[in-house]
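*Asks:* query-v5.cif (mmCIF, C-alpha atoms) pasted underneath:
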```cif
data_query
#
loop_
_atom_site.label_atom_id
_atom_site.label_comp_id
_atom_site.auth_asym_id
_atom_site.auth_seq_id
_atom_site.Cartn_x
_atom_site.Cartn_y
_atom_site.Cartn_z
CA MET A 1 112.86 172.99 -70.21
CA LYS A 2 110.60 171.53 -67.56
CA SER A 3 112.44 173.28 -64.75
CA LEU A 4 112.22 176.59 -66.66
CA LYS A 5 108.45 176.14 -66.91
CA SER A 6 108.24 175.40 -63.20
CA ILE A 7 110.24 178.50 -62.33
CA LEU A 8 108.02 180.61 -64.57
CA ALA A 9 104.89 179.13 -63.02
CA ILE A 10 106.10 179.85 -59.48
CA ALA A 11 107.10 183.36 -60.49
CA LEU A 12 103.65 183.91 -62.01
CA ILE A 13 101.89 182.69 -58.88
CA LEU A 14 104.05 184.87 -56.64
CA THR A 15 103.50 187.90 -58.87
CA ALA A 16 99.75 187.33 -59.03
CA SER A 17 99.60 186.88 -55.27
CA HIS A 18 101.51 190.11 -54.81
CA LEU A 19 99.30 191.96 -57.32
CA PHE A 20 96.10 190.93 -55.64
CA GLY A 21 97.47 191.67 -52.19
CA GLN A 22 97.07 188.19 -50.80
CA THR A 23 99.07 187.29 -47.74
CA ASN A 24 99.58 183.77 -46.52
CA TYR A 25 99.26 182.95 -42.87
CA VAL A 26 100.21 179.97 -40.75
CA LEU A 27 99.44 178.87 -37.23
CA ASN A 28 101.53 180.29 -34.40
CA LYS A 29 102.65 177.90 -31.66
CA ASP A 30 100.52 179.52 -28.95
CA TYR A 31 97.25 177.99 -30.17
CA LYS A 32 94.78 176.13 -27.97
CA LEU A 33 92.65 173.45 -29.55
CA THR A 34 90.59 171.20 -27.32
CA ILE A 35 87.89 168.59 -27.70
CA ASN A 36 85.41 168.59 -24.83
CA GLY A 37 82.98 165.80 -24.20
CA GLY A 38 81.12 163.94 -21.53
CA SER A 39 80.18 160.49 -20.38
CA ASN A 40 77.80 159.07 -17.81
CA LEU A 41 80.78 159.09 -15.41
CA HIS A 42 82.26 162.56 -15.85
CA ASP A 43 83.30 165.17 -18.41
CA TRP A 44 86.62 164.95 -20.22
CA THR A 45 88.93 167.12 -22.30
CA GLU A 46 91.42 166.28 -25.00
CA ASN A 47 94.16 168.61 -26.20
CA VAL A 48 95.47 168.76 -29.73
CA GLU A 49 99.25 169.00 -29.61
CA LYS A 50 99.98 169.14 -33.35
CA ALA A 51 97.96 171.12 -35.87
CA ALA A 52 98.66 173.21 -38.95
CA VAL A 53 96.79 176.07 -40.59
CA ASN A 54 97.19 177.66 -43.99
CA ALA A 55 95.22 180.82 -44.68
CA SER A 56 95.21 183.43 -47.42
CA VAL A 57 94.15 186.95 -46.56
CA THR A 58 93.54 190.09 -48.59
CA TRP A 59 94.04 193.28 -46.65
CA ASN A 60 92.12 196.40 -47.59
CA SER A 61 93.41 199.94 -47.15
CA ASN A 62 90.81 200.71 -44.45
CA GLY A 63 92.09 197.95 -42.14
CA THR A 64 89.41 195.43 -43.00
CA PHE A 65 90.38 192.12 -44.57
CA THR A 66 88.99 189.13 -46.37
CA LEU A 67 89.83 185.60 -45.35
CA ASN A 68 89.87 184.02 -48.79
CA GLY A 69 90.88 180.53 -47.82
CA LEU A 70 91.60 178.57 -44.70
CA THR A 71 92.68 174.99 -44.17
CA VAL A 72 93.14 173.44 -40.74
CA VAL A 73 94.84 170.09 -40.27
CA VAL A 74 94.78 168.27 -36.93
CA TYR A 75 97.04 165.26 -36.43
CA VAL A 76 94.89 162.64 -34.71
CA GLN A 77 97.71 160.88 -32.87
CA SER A 78 98.69 164.19 -31.26
CA ILE A 79 95.36 164.33 -29.43
CA LYS A 80 96.03 163.72 -25.73
CA SER A 81 93.31 163.04 -23.20
CA SER A 82 92.97 164.42 -19.69
CA GLU A 83 92.23 160.82 -18.71
CA GLY A 84 95.70 159.65 -19.78
CA GLY A 85 96.92 156.96 -22.13
CA VAL A 86 93.94 154.67 -21.64
CA MET A 87 91.58 157.14 -23.32
CA ASN A 88 94.13 158.11 -26.00
CA GLY A 89 93.99 154.59 -27.40
CA LYS A 90 90.20 154.64 -27.48
CA THR A 91 90.25 158.05 -29.20
CA TYR A 92 92.64 156.93 -31.94
CA LYS A 93 90.61 153.78 -32.51
CA ALA A 94 87.31 155.70 -32.64
CA LEU A 95 88.81 158.23 -35.07
CA LYS A 96 90.27 155.39 -37.18
CA SER A 97 93.68 157.06 -37.01
CA ASP A 98 95.46 154.21 -38.83
CA SER A 99 93.43 154.87 -41.98
CA TYR A 100 92.71 158.59 -41.45
CA PRO A 101 95.63 160.18 -39.57
CA THR A 102 94.33 163.74 -39.89
CA ILE A 103 91.17 165.76 -39.29
CA THR A 104 90.78 168.62 -41.77
CA PHE A 105 88.64 171.70 -42.05
CA THR A 106 88.46 173.71 -45.28
CA LEU A 107 86.71 177.05 -45.53
CA THR A 108 84.29 177.05 -48.47
CA ALA A 109 83.24 180.71 -48.60
CA PRO A 110 85.41 183.83 -48.06
CA LEU A 111 84.90 185.80 -44.86
CA GLN A 112 84.77 189.57 -44.68
CA VAL A 113 86.21 190.88 -41.42
CA SER A 114 85.65 194.47 -40.39
CA GLN A 115 88.20 196.65 -38.66
CA GLY A 116 88.61 195.86 -34.99
CA GLY A 117 87.35 192.35 -35.43
CA THR A 118 83.97 190.76 -35.72
CA THR A 119 81.98 187.62 -35.12
CA VAL A 120 81.67 185.67 -38.33
CA VAL A 121 79.70 182.67 -39.47
CA ALA A 122 82.10 180.47 -41.36
CA THR A 123 81.01 177.64 -43.57
CA GLY A 124 83.29 174.83 -44.51
CA ASN A 125 83.88 171.14 -44.90
CA LEU A 126 85.03 169.12 -41.95
CA ASN A 127 86.58 165.72 -42.54
CA ILE A 128 86.78 163.37 -39.58
CA ALA A 129 87.61 159.67 -39.84
CA GLY A 130 87.22 159.82 -43.61
CA VAL A 131 83.71 161.33 -43.54
CA THR A 132 83.19 164.88 -44.79
CA ARG A 133 80.32 167.04 -43.56
CA GLY A 134 79.47 170.69 -44.14
CA VAL A 135 79.66 172.70 -40.91
CA THR A 136 78.82 176.22 -39.80
CA ILE A 137 81.13 177.77 -37.25
CA HIS A 138 80.54 180.92 -35.21
CA ALA A 139 83.92 182.48 -34.54
CA LYS A 140 85.43 185.73 -33.36
CA VAL A 141 88.02 186.98 -35.83
CA ASN A 142 90.32 189.81 -34.93
CA SER A 143 93.47 191.44 -36.22
CA THR A 144 96.23 192.21 -33.77
CA ALA A 145 99.64 193.88 -33.87
CA ASN A 146 101.73 193.25 -37.00
CA ASN A 147 98.51 192.28 -38.79
CA ASN A 148 98.38 188.93 -37.04
CA ILE A 149 94.93 187.36 -36.95
CA THR A 150 93.24 185.64 -34.02
CA ILE A 151 90.34 183.26 -34.51
CA GLU A 152 88.40 181.96 -31.54
CA GLY A 153 85.28 179.84 -31.33
CA ALA A 154 83.64 176.51 -30.75
CA VAL A 155 82.09 173.84 -32.95
CA PRO A 156 79.49 171.49 -31.48
CA LEU A 157 79.46 168.11 -33.23
CA ARG A 158 77.87 164.71 -32.98
CA MET A 159 80.29 161.80 -33.39
CA SER A 160 77.65 159.69 -35.12
CA GLU A 161 77.40 162.26 -37.96
CA PHE A 162 80.94 161.24 -38.90
CA GLY A 163 80.32 157.52 -38.60
CA ILE A 164 82.06 157.32 -35.23
CA ASP A 165 80.74 155.01 -32.53
CA PRO A 166 81.17 156.74 -29.16
CA PRO A 167 83.46 154.51 -27.06
CA ASN A 168 81.95 152.53 -24.21
CA ALA A 169 83.27 150.32 -21.43
CA LEU A 170 82.09 148.07 -18.62
CA PHE A 171 79.87 146.12 -21.01
CA GLY A 172 78.06 149.24 -22.14
CA ALA A 173 77.44 150.64 -18.64
CA LEU A 174 80.06 153.37 -19.12
CA LYS A 175 79.18 155.40 -22.21
CA VAL A 176 80.91 158.35 -23.81
CA SER A 177 78.44 161.01 -24.93
CA ASN A 178 77.78 161.35 -28.65
CA ASN A 179 78.06 165.16 -28.40
CA VAL A 180 81.45 166.85 -28.38
CA THR A 181 82.59 170.43 -28.74
CA ILE A 182 85.79 171.48 -30.45
CA GLN A 183 87.08 174.72 -28.95
CA PHE A 184 89.82 176.72 -30.57
CA LYS A 185 91.84 179.85 -29.94
CA THR A 186 94.38 180.45 -32.65
CA ASN A 187 96.86 183.10 -33.61
CA LEU A 188 97.75 183.27 -37.30
CA ILE A 189 101.00 184.85 -38.35
CA LYS A 190 102.38 185.73 -41.76
CA SER A 191 104.27 182.86 -43.34
CA MET B 1 68.41 116.84 -10.78
CA LYS B 2 65.33 119.02 -11.29
CA LYS B 3 66.13 120.87 -8.07
CA ILE B 4 69.71 121.50 -9.19
CA ILE B 5 68.57 122.97 -12.54
CA PHE B 6 65.72 124.97 -11.02
CA SER B 7 67.82 126.47 -8.22
CA GLY B 8 70.60 127.12 -10.78
CA LEU B 9 68.20 129.04 -13.03
CA ILE B 10 66.78 131.11 -10.17
CA ALA B 11 70.28 131.84 -8.86
CA GLY B 12 71.28 132.75 -12.43
CA VAL B 13 68.54 135.38 -12.67
CA VAL B 14 69.52 136.82 -9.28
CA LEU B 15 73.22 136.91 -10.23
CA LEU B 16 72.42 138.54 -13.58
CA ILE B 17 70.62 141.38 -11.77
CA LEU B 18 73.53 141.60 -9.32
CA SER B 19 76.07 141.68 -12.17
CA ILE B 20 74.29 144.55 -13.93
CA LEU B 21 73.92 146.47 -10.65
CA GLY B 22 77.59 145.73 -9.97
CA LEU B 23 78.64 147.50 -13.17
CA TYR B 24 76.89 150.71 -12.11
CA LEU B 25 78.05 150.37 -8.49
CA ASN B 26 81.59 150.03 -9.76
CA MET B 27 81.21 153.36 -11.59
CA LEU B 28 79.73 155.03 -8.51
CA ILE B 29 82.18 153.71 -5.93
CA PHE B 30 85.36 153.42 -8.00
CA PRO B 31 85.14 155.93 -10.91
CA ASP B 32 88.90 155.80 -11.56
CA LEU B 33 88.76 152.03 -11.70
CA ALA B 34 85.85 152.22 -14.14
CA MET B 35 88.00 154.30 -16.49
CA GLN B 36 90.53 151.45 -16.60
CA TYR B 37 87.96 149.40 -18.52
CA PHE B 38 88.73 151.62 -21.54
CA GLN B 39 92.03 149.72 -21.87
CA PRO B 40 92.43 147.80 -25.14
CA THR B 41 92.50 144.59 -23.04
CA PHE B 42 88.75 144.97 -22.74
CA ASN B 43 87.25 144.67 -26.19
CA GLU B 44 83.94 146.29 -25.35
CA GLN B 45 82.57 146.77 -28.83
CA SER B 46 82.87 143.16 -29.94
CA SER B 47 80.07 140.62 -30.11
CA ARG B 48 81.66 138.77 -27.18
CA VAL B 49 80.26 141.40 -24.80
CA MET B 50 77.00 139.44 -24.70
CA LEU B 51 78.85 136.51 -23.13
CA TYR B 52 79.19 138.59 -19.97
CA PHE B 53 75.44 138.57 -19.53
CA ILE B 54 75.33 134.78 -19.88
CA HIS B 55 78.05 134.17 -17.28
CA PRO B 56 75.67 134.44 -14.26
CA PHE B 57 73.80 131.37 -15.53
CA ILE B 58 77.03 129.41 -16.14
CA ILE B 59 78.34 130.09 -12.64
CA ALA B 60 74.90 129.60 -11.03
CA MET B 61 74.49 126.15 -12.61
CA ALA B 62 77.96 125.11 -11.46
CA LEU B 63 77.33 126.44 -7.95
CA SER B 64 73.95 124.74 -7.79
CA TRP B 65 75.57 121.38 -8.56
CA PHE B 66 78.38 122.12 -6.08
CA TRP B 67 75.82 123.05 -3.41
CA ASN B 68 73.96 119.81 -3.92
CA ARG B 69 77.22 117.87 -3.39
CA ILE B 70 78.39 119.60 -0.20
CA LYS B 71 75.20 120.84 1.50
CA GLN B 72 75.29 117.94 3.99
CA ILE B 73 78.63 118.96 5.45
CA LEU B 74 77.68 122.63 5.97
CA LYS B 75 76.33 123.26 9.48
CA GLY B 76 74.74 126.24 11.22
CA SER B 77 72.05 128.78 10.43
CA PHE B 78 70.66 129.63 7.00
CA LEU B 79 72.98 132.62 6.68
CA THR B 80 76.05 130.81 8.07
CA ARG B 81 75.77 127.96 5.59
CA GLY B 82 75.31 130.34 2.64
CA ILE B 83 78.29 132.47 3.62
CA GLU B 84 80.48 129.44 4.31
CA PHE B 85 79.54 128.01 0.91
CA GLY B 86 80.54 131.30 -0.75
CA ILE B 87 83.86 131.46 1.07
CA ILE B 88 84.71 127.85 0.16
CA TYR B 89 84.01 128.50 -3.51
CA ALA B 90 85.89 131.82 -3.51
CA LEU B 91 88.97 130.29 -1.89
CA ILE B 92 89.02 127.18 -4.06
CA ALA B 93 88.08 128.67 -7.44
CA THR B 94 88.04 132.48 -7.53
CA PHE B 95 91.23 133.25 -5.60
CA PRO B 96 93.56 131.00 -7.66
CA ALA B 97 91.92 132.19 -10.89
CA MET B 98 92.43 135.83 -9.93
CA TRP B 99 96.03 135.04 -8.99
CA LEU B 100 96.61 133.71 -12.49
CA VAL B 101 94.85 136.66 -14.12
CA PHE B 102 96.93 139.18 -12.16
CA SER B 103 100.15 137.37 -13.04
CA SER B 104 99.45 137.18 -16.76
CA ILE B 105 97.39 140.23 -17.80
CA THR B 106 98.17 143.93 -17.39
CA VAL B 107 95.38 144.83 -15.00
CA SER B 108 95.60 146.63 -11.67
CA LEU B 109 95.49 144.88 -8.31
CA GLN B 110 92.42 146.97 -7.44
CA MET B 111 90.61 145.65 -10.50
CA VAL B 112 91.47 142.02 -9.71
CA ALA B 113 90.42 142.59 -6.10
CA THR B 114 86.97 143.78 -7.21
CA TRP B 115 86.60 140.67 -9.39
CA PHE B 116 87.47 138.49 -6.39
CA VAL B 117 84.91 140.28 -4.21
CA LEU B 118 82.31 139.94 -7.00
CA GLY B 119 83.03 136.18 -7.19
CA LEU B 120 82.69 135.87 -3.42
CA ILE B 121 79.38 137.78 -3.32
CA GLN B 122 78.06 135.80 -6.28
CA ALA B 123 78.86 132.51 -4.54
CA ILE B 124 77.30 133.59 -1.23
CA ILE B 125 74.09 134.73 -2.95
CA ALA B 126 73.94 131.61 -5.13
CA GLY B 127 74.48 129.56 -1.96
CA LEU B 128 71.61 131.28 -0.19
CA VAL B 129 69.28 130.81 -3.19
CA CYS B 130 70.20 127.13 -3.51
CA GLU B 131 69.79 126.64 0.22
CA LYS B 132 66.29 128.11 0.04
CA ILE B 133 65.21 125.96 -2.92
CA ASN B 134 67.28 122.84 -2.28
CA PRO B 135 67.96 122.67 1.50
#
```
Kindly transcribe the structure held in the file into structure tokens.
*Replies:*
Amino acid sequence: MKSLKSILAIALILTASHLFGQTNYVLNKDYKLTINGGSNLHDWTENVEKAAVNASVTWNSNGTFTLNGLTVVVYVQSIKSSEGGVMNGKTYKALKSDSYPTITFTLTAPLQVSQGGTTVVATGNLNIAGVTRGVTIHAKVNSTANNNITIEGAVPLRMSEFGIDPPNALFGALKVSNNVTIQFKTNLIKS
Amino acid sequence: MKKIIFSGLIAGVVLLILSILGLYLNMLIFPDLAMQYFQPTFNEQSSRVMLYFIHPFIIAMALSWFWNRIKQILKGSFLTRGIEFGIIYALIATFPAMWLVFSSITVSLQMVATWFVLGLIQAIIAGLVCEKINP
């Protein structure tokens, strides 16, 4: 009886999704997600090697679409530094990866995207190291061939806003800057 | 005794300034080496960091006592005696200590070499200060 209910529920969700024209999207492998920061020694970059995106989109007949929901998950231990393994360890420790293995972003308001793409102001909740903050992101959203969607932009952040102490070394003489920028260039494809 | 303590304190202040300058010089001259201090071996965000800034006074007091014991056997000019004192200390104490550190902890040879040079410079400067105050 339980399994019958589950099947009915799934069927209802699928039907409703189809009726309202929602399409689910996931992240294509060709994404680029970097964290750029500085220190009083030199600038540094970290690349995210494992991330996941789930998005739901409603397409309109005139080619415009609405991004109804978007969730981004970044796996902290897949972040690799340009400075090598030494900085990776500091990054994981600063981001408290043992307790909080992922960084997540959830869109909180739908986005209307006009035909041919547009620059949008997205609002959402960003969770880093167990602390959630509301953020506003300026991003370029575009639709490409096969109704794929590209999203490109940057998010400036302060580590301290998420309860993160910027790493330091050499008895405090070498300090990592509190300000970082997350840059992203993603290609979403139908799931 | 008063001279040993006084020259130790003055040398301690001088070595503290030198140690702080040394941190920034390290970053300027050896930026890649400075990055190695991000290794987990160096627990920078613990309360023990403050001990680093006390070490110049520990070493200066020891060197002041050592100077007082061997100053009679050091011959030559002001500079020669100070340098010789530094070399003696570095060879007897710093070099074997660095040898042990390199053999037991995962740190680069370059890093250990800079610690040896720092120990040598500290001893020479402490020697010169002690020589000035307690000739």
*Asks:* I want to know what sits within 8 Å of region 118-122 of chain B, based on only C-alpha atoms, with residues of the same chain fewer than 5 positions away left out; could you give that as a ChimeraX atom specification?
*Replies:* /B:15,18,86-87,89-90,94
*Asks:* At a cut-off of 10 Å, using all atoms listed in the file, what residues contact Val107 (chain B)? Leave out same-chain residues fewer than 6 positions from it and give the result as a PyMOL selection string.
*Replies:* chain B and resi 36-37+39+41+101
*Asks:* Convert the current residue selection to file output with C-alpha atoms, as an mmCIF file, keeping the file's coordinate frame.
*Replies:*
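For reference, out-v1.cif as written:
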```cif
data_model
loop_
_atom_site.group_PDB
_atom_site.id
_atom_site.type_symbol
_atom_site.label_atom_id
_atom_site.label_comp_id
_atom_site.auth_asym_id
_atom_site.auth_seq_id
_atom_site.Cartn_x
_atom_site.Cartn_y
_atom_site.Cartn_z
ATOM 1 C CA GLN B 36 90.530 151.450 -16.600
ATOM 2 C CA TYR B 37 87.960 149.400 -18.520
ATOM 3 C CA GLN B 39 92.030 149.720 -21.870
ATOM 4 C CA THR B 41 92.500 144.590 -23.040
ATOM 5 C CA VAL B 101 94.850 136.660 -14.120
#
```
*Asks:* Using all atoms listed in the file, which of the listed residues (B:Pro135, B:Gly76, B:Pro40, B:Gly82) sits closest to chain A?
*Replies:*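 Distance minimum relative to chain A lands on B:Pro40.
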*Asks:* At a cut-off of 8 Å, list the chain B residues touching chain A, using only C-alpha atoms, as a list in words.
*Replies:*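 Within 8 Å of chain A on chain B, we get Leu23, Tyr24, Met27, Pro31, Ala34, Met35, Gln36, Tyr37, Phe38, Gln39, Pro40, Phe42, Glu44, Gln45, Val49 and Tyr52 of chain B.
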*Asks:* Would you mind listing what lies within 6 Å of region 96-112 of chain A as a VMD selection string, with all atoms listed in the file counted and same-chain residues fewer than 5 positions away left out?
*Replies:* chain A and resid 66 to 76 123 to 129
*Asks:* Can you measure CA of Ala145 (chain A) to CA of Gly63 (chain A) for me? One decimal in Å is fine.
*Replies:* 11.9 Å
*Asks:* Just the residues within 7 Å of region 151-159 of chain A, please, counting all atoms listed in the file, with nothing from its chain fewer than 2 positions along; format it as a short mmCIF file (atom, residue, chain, number, x, y, z; two decimals) with C-alpha atoms, keeping the file's coordinate frame.
*Replies:*
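After the write, result_35.cif holds the following:
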```cif
data_model
loop_
_atom_site.label_atom_id
_atom_site.label_comp_id
_atom_site.auth_asym_id
_atom_site.auth_seq_id
_atom_site.Cartn_x
_atom_site.Cartn_y
_atom_site.Cartn_z
CA ILE A 137 81.13 177.77 -37.25
CA HIS A 138 80.54 180.92 -35.21
CA ALA A 139 83.92 182.48 -34.54
CA LYS A 140 85.43 185.73 -33.36
CA VAL A 141 88.02 186.98 -35.83
CA ASN A 142 90.32 189.81 -34.93
CA ILE A 149 94.93 187.36 -36.95
CA GLU A 161 77.40 162.26 -37.96
CA PHE A 162 80.94 161.24 -38.90
CA GLY A 163 80.32 157.52 -38.60
CA ILE A 164 82.06 157.32 -35.23
CA ASP A 165 80.74 155.01 -32.53
CA PRO A 166 81.17 156.74 -29.16
CA ASN A 178 77.78 161.35 -28.65
CA ASN A 179 78.06 165.16 -28.40
CA VAL A 180 81.45 166.85 -28.38
CA THR A 181 82.59 170.43 -28.74
CA ILE A 182 85.79 171.48 -30.45
CA GLN A 183 87.08 174.72 -28.95
CA PHE A 184 89.82 176.72 -30.57
CA LYS A 185 91.84 179.85 -29.94
CA THR A 186 94.38 180.45 -32.65
CA ASN A 187 96.86 183.10 -33.61
#
```
*Asks:* I'd like the box whose edges run along x, y and z of the file and which contains every listed atom of region 47-60 of chain B, padded by 5 Å per side; could you state its centre and edge lengths in Å, one decimal, as JSON?
*Replies:*
```
{"center_x": 77.7, "center_y": 135.4, "center_z": -20.6, "size_x": 17.9, "size_y": 22.0, "size_z": 29.1}
```
*Asks:* To one decimal place, how far is CA of Lys2 (chain B) from CA of Ile88 (chain B) in Å?
*Replies:*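 These atoms are spaced 24.2 Å apart.
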